[in-house]
>>> print(open('protein02.pdb').read())   # PDB, C-alpha atoms
ATOM      1  CA  MET B   1     -54.827 -70.106  67.690
ATOM      2  CA  THR B   2     -54.476 -67.850  70.613
ATOM      3  CA  LEU B   3     -51.257 -66.879  72.291
ATOM      4  CA  GLN B   4     -51.214 -66.167  75.956
ATOM      5  CA  ASP B   5     -48.891 -63.511  77.138
ATOM      6  CA  GLU B   6     -47.856 -61.929  80.371
ATOM      7  CA  SER B   7     -46.062 -58.716  81.109
ATOM      8  CA  ALA B   8     -42.735 -58.316  82.785
ATOM      9  CA  LYS B   9     -42.262 -56.564  86.141
ATOM     10  CA  GLY B  10     -44.434 -59.071  87.939
ATOM     11  CA  THR B  11     -47.740 -57.516  86.876
ATOM     12  CA  LYS B  12     -49.984 -60.257  85.588
ATOM     13  CA  MET B  13     -51.581 -59.326  82.329
ATOM     14  CA  GLN B  14     -53.418 -61.543  79.911
ATOM     15  CA  LEU B  15     -53.406 -60.877  76.184
ATOM     16  CA  SER B  16     -54.520 -63.019  73.271
ATOM     17  CA  LEU B  17     -52.733 -62.523  69.964
ATOM     18  CA  MET B  18     -54.587 -63.406  66.774
ATOM     19  CA  PRO B  19     -52.530 -62.849  63.609
ATOM     20  CA  ARG B  20     -54.443 -61.909  60.449
ATOM     21  CA  ASP B  21     -53.389 -61.625  56.820
ATOM     22  CA  ASP B  22     -53.224 -57.842  57.093
ATOM     23  CA  GLY B  23     -52.029 -57.502  60.640
ATOM     24  CA  LEU B  24     -52.751 -58.543  64.164
ATOM     25  CA  THR B  25     -55.633 -58.565  66.616
ATOM     26  CA  ILE B  26     -54.605 -58.129  70.232
ATOM     27  CA  ARG B  27     -57.376 -59.009  72.639
ATOM     28  CA  VAL B  28     -56.960 -57.604  76.133
ATOM     29  CA  ASP B  29     -58.131 -60.414  78.417
ATOM     30  CA  GLU B  30     -58.421 -58.210  81.468
ATOM     31  CA  LYS B  31     -61.598 -56.973  83.137
ATOM     32  CA  ARG B  32     -59.982 -53.746  84.296
ATOM     33  CA  LEU B  33     -57.610 -51.452  82.441
ATOM     34  CA  ASP B  34     -56.733 -49.203  85.368
ATOM     35  CA  ALA B  35     -53.806 -47.587  87.161
ATOM     36  CA  ALA B  36     -52.747 -50.937  88.609
ATOM     37  CA  ILE B  37     -51.957 -52.304  85.159
ATOM     38  CA  ALA B  38     -51.676 -49.332  82.791
ATOM     39  CA  THR B  39     -47.874 -49.084  82.627
ATOM     40  CA  ALA B  40     -47.326 -52.804  82.100
ATOM     41  CA  PHE B  41     -50.113 -52.832  79.505
ATOM     42  CA  LYS B  42     -48.600 -49.896  77.628
ATOM     43  CA  ASP B  43     -45.081 -51.336  77.564
ATOM     44  CA  LYS B  44     -46.185 -54.777  76.420
ATOM     45  CA  VAL B  45     -48.817 -53.832  73.862
ATOM     46  CA  ARG B  46     -46.780 -50.987  72.358
ATOM     47  CA  THR B  47     -44.039 -53.434  71.404
ATOM     48  CA  LEU B  48     -46.529 -55.936  69.976
ATOM     49  CA  ALA B  49     -48.582 -53.318  68.131
ATOM     50  CA  THR B  50     -45.695 -51.557  66.453
ATOM     51  CA  HIS B  51     -44.541 -54.910  64.998
ATOM     52  CA  GLY B  52     -48.047 -56.181  64.246
ATOM     53  CA  GLY B  53     -48.407 -55.429  60.534
ATOM     54  CA  THR B  54     -50.394 -52.886  58.555
ATOM     55  CA  GLN B  55     -53.438 -52.823  60.776
ATOM     56  CA  VAL B  56     -53.482 -53.715  64.429
ATOM     57  CA  THR B  57     -56.837 -54.180  66.130
ATOM     58  CA  LEU B  58     -56.947 -53.748  69.872
ATOM     59  CA  ASP B  59     -59.949 -55.803  70.976
ATOM     60  CA  LEU B  60     -61.195 -54.491  74.318
ATOM     61  CA  THR B  61     -64.252 -56.769  74.531
ATOM     62  CA  PRO B  62     -63.295 -58.323  77.895
ATOM     63  CA  VAL B  63     -62.542 -54.925  79.477
ATOM     64  CA  GLU B  64     -65.395 -53.863  81.775
ATOM     65  CA  PHE B  65     -63.722 -50.805  83.275
ATOM     66  CA  MET B  66     -61.098 -48.331  82.107
ATOM     67  CA  ASP B  67     -59.900 -45.139  83.798
ATOM     68  CA  SER B  68     -57.784 -42.290  82.427
ATOM     69  CA  SER B  69     -54.600 -44.276  83.165
ATOM     70  CA  GLY B  70     -55.832 -46.959  80.785
ATOM     71  CA  LEU B  71     -56.863 -44.323  78.268
ATOM     72  CA  GLY B  72     -53.402 -42.742  78.465
ATOM     73  CA  ALA B  73     -51.829 -46.133  77.773
ATOM     74  CA  VAL B  74     -54.020 -46.661  74.696
ATOM     75  CA  ILE B  75     -53.145 -43.162  73.439
ATOM     76  CA  ALA B  76     -49.438 -43.872  73.926
ATOM     77  CA  ILE B  77     -49.767 -47.064  71.864
ATOM     78  CA  PHE B  78     -51.726 -45.154  69.191
ATOM     79  CA  LYS B  79     -48.991 -42.510  68.986
ATOM     80  CA  ALA B  80     -46.253 -45.130  68.762
ATOM     81  CA  MET B  81     -47.657 -46.704  65.575
ATOM     82  CA  PRO B  82     -45.189 -46.275  62.714
ATOM     83  CA  SER B  83     -46.160 -44.251  59.657
ATOM     84  CA  GLY B  84     -48.427 -46.198  57.291
ATOM     85  CA  ARG B  85     -49.704 -48.506  60.011
ATOM     86  CA  SER B  86     -52.908 -48.054  61.950
ATOM     87  CA  LEU B  87     -54.380 -48.968  65.299
ATOM     88  CA  VAL B  88     -58.089 -49.739  65.440
ATOM     89  CA  LEU B  89     -60.104 -50.223  68.631
ATOM     90  CA  SER B  90     -62.978 -52.662  68.897
ATOM     91  CA  GLY B  91     -65.353 -54.181  71.414
ATOM     92  CA  LEU B  92     -65.822 -51.142  73.660
ATOM     93  CA  SER B  93     -68.203 -51.773  76.551
ATOM     94  CA  PRO B  94     -70.411 -48.828  77.616
ATOM     95  CA  ASN B  95     -68.022 -47.995  80.482
ATOM     96  CA  VAL B  96     -65.003 -47.955  78.202
ATOM     97  CA  GLU B  97     -66.800 -46.097  75.431
ATOM     98  CA  ARG B  98     -67.775 -43.384  77.937
ATOM     99  CA  VAL B  99     -64.112 -42.572  78.655
ATOM    100  CA  PHE B 100     -63.306 -42.188  74.949
ATOM    101  CA  ARG B 101     -66.438 -40.107  74.356
ATOM    102  CA  LEU B 102     -66.028 -37.725  77.299
ATOM    103  CA  THR B 103     -62.383 -37.039  76.440
ATOM    104  CA  ARG B 104     -63.238 -36.686  72.699
ATOM    105  CA  MET B 105     -60.712 -39.407  71.906
ATOM    106  CA  ASP B 106     -63.495 -41.182  69.976
ATOM    107  CA  LYS B 107     -62.969 -38.443  67.359
ATOM    108  CA  VAL B 108     -59.226 -39.032  67.203
ATOM    109  CA  MET B 109     -59.021 -42.827  67.170
ATOM    110  CA  THR B 110     -60.793 -45.350  64.945
ATOM    111  CA  ILE B 111     -63.393 -47.390  66.833
ATOM    112  CA  ILE B 112     -65.251 -50.270  65.189
ATOM    113  CA  PRO B 113     -67.948 -52.639  66.495
ATOM    114  CA  ALA B 114     -66.675 -55.906  67.960
ATOM    115  CA  ALA B 115     -68.397 -58.092  65.354
ATOM    116  CA  THR B 116     -66.352 -56.515  62.552
ATOM    117  CA  ALA B 117     -63.093 -57.334  64.266
ATOM    118  CA  VAL B 118     -64.101 -60.908  65.027
ATOM    119  CA  SER B 119     -65.146 -61.689  61.472
ATOM    120  CA  SER B 120     -61.873 -60.359  60.072
ATOM    121  CA  ALA B 121     -59.769 -62.176  62.656
ATOM    122  CA  VAL B 122     -61.280 -65.632  62.501
ATOM    123  CA  PRO B 123     -60.121 -66.798  59.011
ATOM    124  CA  SER B 124     -56.429 -66.530  59.787
ATOM    125  CA  CYS B 125     -56.571 -67.984  63.275
ATOM    126  CA  GLY B 126     -56.051 -71.535  62.033
ATOM    127  CA  THR B 127     -52.905 -70.602  60.154
ATOM    128  CA  ASP B 128     -51.162 -69.204  63.180
ATOM    129  CA  PRO B 129     -47.866 -71.130  63.358
ATOM    130  CA  ALA B 130     -47.618 -70.581  67.093
TER
ATOM    131  CA  MET Q   1     -84.929 -43.076 126.739
ATOM    132  CA  MET Q   2     -85.024 -45.760 124.057
ATOM    133  CA  MET Q   3     -88.237 -46.013 122.134
ATOM    134  CA  SER Q   4     -89.404 -48.839 120.005
ATOM    135  CA  CYS Q   5     -90.477 -47.466 116.644
ATOM    136  CA  PRO Q   6     -90.135 -48.299 112.977
ATOM    137  CA  ARG Q   7     -86.773 -47.264 111.606
ATOM    138  CA  PRO Q   8     -87.255 -44.160 109.465
ATOM    139  CA  CYS Q   9     -86.304 -44.349 105.821
ATOM    140  CA  LEU Q  10     -83.707 -41.635 105.380
ATOM    141  CA  PHE Q  11     -82.646 -42.480 101.870
ATOM    142  CA  PRO Q  12     -85.442 -43.884  99.747
ATOM    143  CA  THR Q  13     -84.215 -45.077  96.386
ATOM    144  CA  ARG Q  14     -86.042 -45.316  93.113
ATOM    145  CA  HIS Q  15     -84.923 -48.811  92.330
ATOM    146  CA  GLY Q  16     -84.827 -50.541  95.683
ATOM    147  CA  PRO Q  17     -87.078 -51.033  98.644
ATOM    148  CA  ALA Q  18     -87.390 -48.019 100.929
ATOM    149  CA  GLY Q  19     -84.915 -48.089 103.791
ATOM    150  CA  HIS Q  20     -82.453 -50.384 102.020
ATOM    151  CA  ALA Q  21     -80.357 -47.825 100.181
ATOM    152  CA  PRO Q  22     -76.859 -49.225  99.695
ATOM    153  CA  VAL Q  23     -74.060 -47.762 101.800
ATOM    154  CA  LEU Q  24     -70.321 -48.298 101.613
ATOM    155  CA  HIS Q  25     -67.720 -47.238 104.175
ATOM    156  CA  ARG Q  26     -64.077 -48.001 103.555
ATOM    157  CA  SER Q  27     -60.734 -46.926 104.990
ATOM    158  CA  PHE Q  28     -57.478 -47.797 103.240
ATOM    159  CA  ARG Q  29     -53.972 -46.674 102.348
ATOM    160  CA  ALA Q  30     -54.069 -45.319  98.813
ATOM    161  CA  ASP Q  31     -52.340 -47.457  96.206
ATOM    162  CA  PRO Q  32     -53.534 -48.851  92.881
ATOM    163  CA  ALA Q  33     -54.334 -52.257  94.378
ATOM    164  CA  THR Q  34     -56.438 -50.905  97.269
ATOM    165  CA  VAL Q  35     -58.203 -48.513  94.892
ATOM    166  CA  ARG Q  36     -59.099 -51.399  92.616
ATOM    167  CA  LYS Q  37     -60.369 -53.393  95.588
ATOM    168  CA  ALA Q  38     -62.543 -50.511  96.824
ATOM    169  CA  LEU Q  39     -64.054 -50.012  93.356
ATOM    170  CA  LEU Q  40     -64.813 -53.725  93.035
ATOM    171  CA  LEU Q  41     -66.564 -53.570  96.399
ATOM    172  CA  LEU Q  42     -68.497 -50.535  95.180
ATOM    173  CA  ARG Q  43     -69.737 -52.610  92.224
ATOM    174  CA  GLU Q  44     -70.652 -55.484  94.491
ATOM    175  CA  ARG Q  45     -72.579 -53.225  96.865
ATOM    176  CA  PHE Q  46     -74.326 -50.922  94.371
ATOM    177  CA  ASP Q  47     -74.933 -53.083  91.285
ATOM    178  CA  GLY Q  48     -78.666 -53.349  90.744
ATOM    179  CA  SER Q  49     -79.534 -50.509  93.121
ATOM    180  CA  VAL Q  50     -79.450 -47.850  90.406
ATOM    181  CA  GLY Q  51     -78.910 -47.960  86.652
ATOM    182  CA  ASP Q  52     -75.613 -49.124  85.154
ATOM    183  CA  GLU Q  53     -75.007 -45.651  83.746
ATOM    184  CA  VAL Q  54     -74.988 -44.068  87.219
ATOM    185  CA  ILE Q  55     -72.741 -46.727  88.737
ATOM    186  CA  GLY Q  56     -70.393 -46.514  85.760
ATOM    187  CA  ARG Q  57     -70.109 -42.745  86.177
ATOM    188  CA  LEU Q  58     -69.526 -43.064  89.915
ATOM    189  CA  GLU Q  59     -66.895 -45.766  89.454
ATOM    190  CA  LEU Q  60     -64.980 -43.673  86.936
ATOM    191  CA  ALA Q  61     -65.175 -40.447  88.983
ATOM    192  CA  LEU Q  62     -64.022 -42.253  92.122
ATOM    193  CA  ALA Q  63     -61.216 -43.987  90.256
ATOM    194  CA  GLU Q  64     -59.898 -40.637  89.052
ATOM    195  CA  ILE Q  65     -60.117 -39.043  92.516
ATOM    196  CA  LEU Q  66     -58.481 -42.012  94.236
ATOM    197  CA  ASN Q  67     -55.781 -42.360  91.563
ATOM    198  CA  ASN Q  68     -54.986 -38.697  92.094
ATOM    199  CA  ILE Q  69     -54.519 -39.334  95.820
ATOM    200  CA  CYS Q  70     -52.232 -42.278  95.021
ATOM    201  CA  GLN Q  71     -50.126 -40.310  92.575
ATOM    202  CA  HIS Q  72     -49.971 -36.868  94.151
ATOM    203  CA  GLY Q  73     -51.233 -37.116  97.725
ATOM    204  CA  ALA Q  74     -48.184 -38.485  99.498
ATOM    205  CA  PRO Q  75     -46.293 -35.776 101.402
ATOM    206  CA  GLN Q  76     -42.585 -35.336 100.745
ATOM    207  CA  GLU Q  77     -40.633 -36.702 103.695
ATOM    208  CA  ILE Q  78     -38.552 -33.882 105.153
ATOM    209  CA  GLY Q  79     -34.937 -34.741 105.902
ATOM    210  CA  SER Q  80     -34.998 -38.151 104.255
ATOM    211  CA  PRO Q  81     -34.713 -37.568 100.520
ATOM    212  CA  GLY Q  82     -34.515 -41.245  99.594
ATOM    213  CA  ALA Q  83     -37.351 -42.387 101.820
ATOM    214  CA  ARG Q  84     -40.493 -43.740 100.281
ATOM    215  CA  PRO Q  85     -43.380 -41.366 100.957
ATOM    216  CA  ARG Q  86     -46.212 -42.712 103.084
ATOM    217  CA  SER Q  87     -49.429 -43.391 101.176
ATOM    218  CA  PRO Q  88     -52.311 -41.216 102.339
ATOM    219  CA  LEU Q  89     -55.003 -42.821 104.463
ATOM    220  CA  VAL Q  90     -58.330 -42.579 102.613
ATOM    221  CA  GLN Q  91     -61.788 -42.619 104.155
ATOM    222  CA  LEU Q  92     -64.536 -43.353 101.693
ATOM    223  CA  CYS Q  93     -68.262 -43.063 102.332
ATOM    224  CA  ILE Q  94     -70.871 -43.676  99.633
ATOM    225  CA  VAL Q  95     -74.620 -43.721 100.067
ATOM    226  CA  GLY Q  96     -77.495 -44.064  97.635
ATOM    227  CA  HIS Q  97     -80.418 -41.674  97.882
ATOM    228  CA  GLY Q  98     -83.413 -40.500  95.911
ATOM    229  CA  GLY Q  99     -81.533 -38.180  93.571
ATOM    230  CA  GLY Q 100     -78.503 -40.339  92.897
ATOM    231  CA  ILE Q 101     -75.440 -41.453  94.833
ATOM    232  CA  ALA Q 102     -73.651 -39.217  97.334
ATOM    233  CA  CYS Q 103     -69.966 -39.714  97.964
ATOM    234  CA  ALA Q 104     -67.460 -38.306 100.466
ATOM    235  CA  VAL Q 105     -63.724 -38.920 100.211
ATOM    236  CA  SER Q 106     -61.206 -37.700 102.745
ATOM    237  CA  ASP Q 107     -57.459 -38.260 102.934
ATOM    238  CA  ASP Q 108     -54.486 -37.074 104.974
ATOM    239  CA  GLY Q 109     -52.320 -36.273 101.954
ATOM    240  CA  VAL Q 110     -51.088 -32.902 100.763
ATOM    241  CA  PRO Q 111     -53.709 -30.209 100.047
ATOM    242  CA  LEU Q 112     -55.513 -30.445  96.725
ATOM    243  CA  PRO Q 113     -54.312 -27.678  94.377
ATOM    244  CA  PRO Q 114     -57.144 -25.137  93.872
ATOM    245  CA  ASP Q 115     -57.027 -25.414  90.075
ATOM    246  CA  CYS Q 116     -58.288 -29.010  90.263
ATOM    247  CA  LEU Q 117     -61.636 -27.676  91.447
ATOM    248  CA  GLY Q 118     -62.218 -24.923  88.915
ATOM    249  CA  PRO Q 119     -63.638 -25.444  85.429
ATOM    250  CA  ARG Q 120     -61.406 -27.806  83.493
ATOM    251  CA  CYS Q 121     -60.593 -27.996  79.814
ATOM    252  CA  LEU Q 122     -59.450 -31.071  78.006
ATOM    253  CA  PRO Q 123     -55.676 -31.184  77.607
ATOM    254  CA  ALA Q 124     -54.725 -29.943  74.147
ATOM    255  CA  GLY Q 125     -52.610 -31.654  71.514
ATOM    256  CA  ILE Q 126     -52.790 -33.429  68.202
ATOM    257  CA  GLY Q 127     -50.725 -36.065  66.429
ATOM    258  CA  SER Q 128     -47.418 -36.612  68.201
ATOM    259  CA  THR Q 129     -48.397 -34.112  70.924
ATOM    260  CA  LEU Q 130     -51.672 -35.891  71.720
ATOM    261  CA  PRO Q 131     -51.958 -35.829  75.523
ATOM    262  CA  GLU Q 132     -51.518 -39.107  77.403
ATOM    263  CA  GLY Q 133     -52.671 -37.701  80.735
ATOM    264  CA  GLY Q 134     -54.326 -34.739  82.355
ATOM    265  CA  PHE Q 135     -57.856 -36.077  81.845
ATOM    266  CA  GLY Q 136     -58.592 -36.982  85.448
ATOM    267  CA  TRP Q 137     -60.114 -33.805  86.906
ATOM    268  CA  PHE Q 138     -61.854 -33.010  83.628
ATOM    269  CA  LEU Q 139     -63.615 -36.371  83.919
ATOM    270  CA  VAL Q 140     -64.465 -35.796  87.584
ATOM    271  CA  HIS Q 141     -66.181 -32.509  86.701
ATOM    272  CA  GLU Q 142     -67.997 -34.106  83.756
ATOM    273  CA  LEU Q 143     -69.286 -37.030  85.812
ATOM    274  CA  THR Q 144     -70.288 -35.394  89.088
ATOM    275  CA  ALA Q 145     -72.439 -32.589  90.452
ATOM    276  CA  SER Q 146     -72.149 -30.403  93.558
ATOM    277  CA  LEU Q 147     -68.419 -31.019  93.882
ATOM    278  CA  ARG Q 148     -67.225 -29.492  97.170
ATOM    279  CA  TYR Q 149     -63.786 -29.403  98.748
ATOM    280  CA  SER Q 150     -62.432 -28.305 102.088
ATOM    281  CA  ARG Q 151     -59.169 -28.669 103.942
ATOM    282  CA  GLU Q 152     -59.643 -29.247 107.644
ATOM    283  CA  GLY Q 153     -56.553 -29.714 109.761
ATOM    284  CA  GLU Q 154     -54.360 -32.267 107.997
ATOM    285  CA  ARG Q 155     -57.110 -33.749 105.862
ATOM    286  CA  ASN Q 156     -58.707 -33.118 102.507
ATOM    287  CA  PHE Q 157     -62.482 -33.490 102.314
ATOM    288  CA  LEU Q 158     -64.137 -33.912  98.953
ATOM    289  CA  ALA Q 159     -67.862 -34.473  98.483
ATOM    290  CA  PHE Q 160     -70.025 -34.815  95.396
ATOM    291  CA  ILE Q 161     -73.032 -36.551  93.982
ATOM    292  CA  VAL Q 162     -73.542 -38.581  90.853
ATOM    293  CA  PRO Q 163     -77.125 -37.716  89.959
ATOM    294  CA  LEU Q 164     -79.669 -40.007  88.391
ATOM    295  CA  PRO Q 165     -80.084 -39.126  84.694
ATOM    296  CA  ASP Q 166     -83.496 -37.501  85.122
ATOM    297  CA  ALA Q 167     -82.227 -35.444  88.071
ATOM    298  CA  LEU Q 168     -80.245 -33.508  85.476
ATOM    299  CA  THR Q 169     -83.373 -32.623  83.505
ATOM    300  CA  PRO Q 170     -84.698 -29.221  84.649
ATOM    301  CA  ASP Q 171     -88.375 -30.086  84.283
ATOM    302  CA  ALA Q 172     -88.146 -33.526  85.895
ATOM    303  CA  GLU Q 173     -89.949 -34.147  89.142
ATOM    304  CA  PRO Q 174     -87.541 -36.393  91.041
ATOM    305  CA  ALA Q 175     -89.903 -37.064  93.946
ATOM    306  CA  ALA Q 176     -92.834 -38.210  91.801
ATOM    307  CA  ASP Q 177     -92.231 -41.953  91.881
ATOM    308  CA  ARG Q 178     -90.603 -42.346  95.259
ATOM    309  CA  PRO Q 179     -92.099 -44.964  97.516
ATOM    310  CA  VAL Q 180     -94.882 -43.655  99.681
ATOM    311  CA  GLN Q 181     -93.758 -43.486 103.304
TER
END
>>> encode(input="protein02.pdb", output="structure tokens")
Amino acid sequence: MTLQDESAKGTKMQLSLMPRDDGLTIRVDEKRLDAAIATAFKDKVRTLATHGGTQVTLDLTPVEFMDSSGLGAVIAIFKAMPSGRSLVLSGLSPNVERVFRLTRMDKVMTIIPAATAVSSAVPSCGTDPA
Amino acid sequence: MMMSCPRPCLFPTRHGPAGHAPVLHRSFRADPATVRKALLLLRERFDGSVGDEVIGRLELALAEILNNICQHGAPQEIGSPGARPRSPLVQLCIVGHGGGIACAVSDDGVPLPPDCLGPRCLPAGIGSTLPEGGFGWFLVHELTASLRYSREGERNFLAFIVPLPDALTPDAEPAADRPVQ
């Protein structure tokens, strides 16, 4: 089951939360991760990710465009992960992948293909109590 | 004296019919919402005219330049410390041509610091000191070519091109497959 979520501060932001046995997949249901939404995105997802279990997957499949504001927000979330817990990125479109590659952040953060994240998320979706 | 003659093709493109190169003019007050709107319009106007790679590079470079104007361009209001600074007025002009996409951005904000235009390094840091910002001008330099800046009167003028991929290859012959005039 998918949870819909919206940020505070009046900025509309759509997220889908998919709990798994080993953690949580957070799908960003926004086409653009830009300066208009970066702060709200960071505040909301950082709270969810740091309480999301051993491994949190940030699924960026719906995101068609990301600028350095969006990148900075993802880095902030990555840095906020508690010791022993990890943040994994999946579903990077060519435009999003370009930002990670040019800034060398693809060497710092773990990026996996979208299909891997989907197959690991699906089995626990039906047990989501929400 | 007006003469009736075929309109000359000033900007032939590789991927579109000659004489129909996409153009975008826009004027707006810089804020994240107007920047997003301008970039969406860019997509609408240029999608299909050149490859996705070129449009993606242009969209990212423009986003970084326009975000910079939003964040740092507003002049400090003298004598009214609590007043909200006025957003700079941006003029945007983008045109496709044979070698790529040419773009001019002007704004009436504060002058661009000279170090934005020199060679840029990635911001340093690792672990807890990993940088969360400072990537913008590095990306602009990575994505564009022929970046030029001037300050004229109260306005900043920035111009650059986003070249087609083969325009970056030294031994390519960019004019080879242009439409015959």
>>> interface_residues(input="protein02.pdb", of="chain Q", to="chain B", cutoff="7 Å", atoms="all atoms listed in the file", output="list in words")
Pro32, Ala33, Gly56, Leu60, Ala63, Glu64, Leu122, Ser128, Glu132, Gly133, Phe135 and Gly136 of chain Q
>>> axis_aligned_box(input="protein02.pdb", around="range 80-97 of chain B", padding_each_side="5 Å", output="lines of an AutoDock Vina configuration file")
center_x = -57.8
center_y = -49.2
center_z = 68.9
size_x = 35.2
size_y = 19.9
size_z = 33.2
>>> residues_around(input="protein02.pdb", residues="Asp107 in chain Q", least_positions_apart="5", cutoff="6 Å", atoms="only C-alpha atoms", output="PDB file with C-alpha atoms, in the frame of the given file")
ATOM      1  CA  PRO Q  88     -52.311 -41.216 102.339  1.00  0.00           C
ATOM      2  CA  LEU Q  89     -55.003 -42.821 104.463  1.00  0.00           C
ATOM      3  CA  VAL Q  90     -58.330 -42.579 102.613  1.00  0.00           C
ATOM      4  CA  ARG Q 155     -57.110 -33.749 105.862  1.00  0.00           C
ATOM      5  CA  ASN Q 156     -58.707 -33.118 102.507  1.00  0.00           C
TER       6      ASN Q 156
END
>>> resolve_selection(input="protein02.pdb", expression="the PyMOL selection byres ((chain Q and resi 164) around 7)", output="ChimeraX atom specification")
/Q:54,99-100,162-163,165-167
>>> resolve_selection(input="protein02.pdb", expression="the PyMOL selection byres ((chain Q and resi 147) around 12)", output="PyMOL selection string")
chain Q and resi 61+65+102-105+116-119+137+140-146+148-150+157-163
>>> resolve_selection(input="protein02.pdb", expression="the PyMOL selection byres ((chain B and resi 40-56) around 8)", output="mmCIF file with C-alpha atoms, in the frame of the given file")
data_model
loop_
_atom_site.group_PDB
_atom_site.id
_atom_site.type_symbol
_atom_site.label_atom_id
_atom_site.label_comp_id
_atom_site.auth_asym_id
_atom_site.auth_seq_id
_atom_site.Cartn_x
_atom_site.Cartn_y
_atom_site.Cartn_z
ATOM 1 C CA SER B 7 -46.062 -58.716 81.109
ATOM 2 C CA ALA B 8 -42.735 -58.316 82.785
ATOM 3 C CA LYS B 9 -42.262 -56.564 86.141
ATOM 4 C CA THR B 11 -47.740 -57.516 86.876
ATOM 5 C CA MET B 13 -51.581 -59.326 82.329
ATOM 6 C CA ASP B 22 -53.224 -57.842 57.093
ATOM 7 C CA GLY B 23 -52.029 -57.502 60.640
ATOM 8 C CA LEU B 24 -52.751 -58.543 64.164
ATOM 9 C CA THR B 25 -55.633 -58.565 66.616
ATOM 10 C CA ILE B 26 -54.605 -58.129 70.232
ATOM 11 C CA ILE B 37 -51.957 -52.304 85.159
ATOM 12 C CA ALA B 38 -51.676 -49.332 82.791
ATOM 13 C CA THR B 39 -47.874 -49.084 82.627
ATOM 14 C CA THR B 57 -56.837 -54.180 66.130
ATOM 15 C CA LEU B 58 -56.947 -53.748 69.872
ATOM 16 C CA ALA B 73 -51.829 -46.133 77.773
ATOM 17 C CA VAL B 74 -54.020 -46.661 74.696
ATOM 18 C CA ALA B 76 -49.438 -43.872 73.926
ATOM 19 C CA ILE B 77 -49.767 -47.064 71.864
ATOM 20 C CA ALA B 80 -46.253 -45.130 68.762
ATOM 21 C CA MET B 81 -47.657 -46.704 65.575
ATOM 22 C CA PRO B 82 -45.189 -46.275 62.714
ATOM 23 C CA GLY B 84 -48.427 -46.198 57.291
ATOM 24 C CA ARG B 85 -49.704 -48.506 60.011
ATOM 25 C CA SER B 86 -52.908 -48.054 61.950
ATOM 26 C CA LEU B 87 -54.380 -48.968 65.299
ATOM 27 C CA VAL B 88 -58.089 -49.739 65.440
#
>>> atom_distance(input="protein02.pdb", atom1="CA of Glu154 in chain Q", atom2="CA of His25 in chain Q")
20.4 Å
>>> closest_residue(input="protein02.pdb", among="Q:Leu40, Q:Val35, Q:Val23, Q:Ile101", to="Glu53 in chain Q", atoms="all atoms listed in the file")
Q:Ile101
>>> atom_distance(input="protein02.pdb", atom1="CA of Leu92 in chain Q", atom2="CA of Phe28 in chain Q")
8.5 Å
>>> atom_distance(input="protein02.pdb", atom1="CA of Asn68 in chain Q", atom2="CA of Leu42 in chain Q")
18.2 Å
>>> closest_residue(input="protein02.pdb", among="Q:Pro22, Q:Gly48, Q:Gly96, Q:Pro85", to="Gln71 in chain Q", atoms="all atoms listed in the file")
Q:Pro85
>>> closest_residue(input="protein02.pdb", among="B:Thr61, B:Ser83, B:Glu97, B:Pro19", to="Ala114 in chain B", atoms="all atoms listed in the file")
B:Thr61
>>> closest_residue(input="protein02.pdb", among="Q:Ile126, Q:Pro131, Q:Gly98, Q:Val110", to="Gln76 in chain Q", atoms="all atoms listed in the file")
Q:Val110
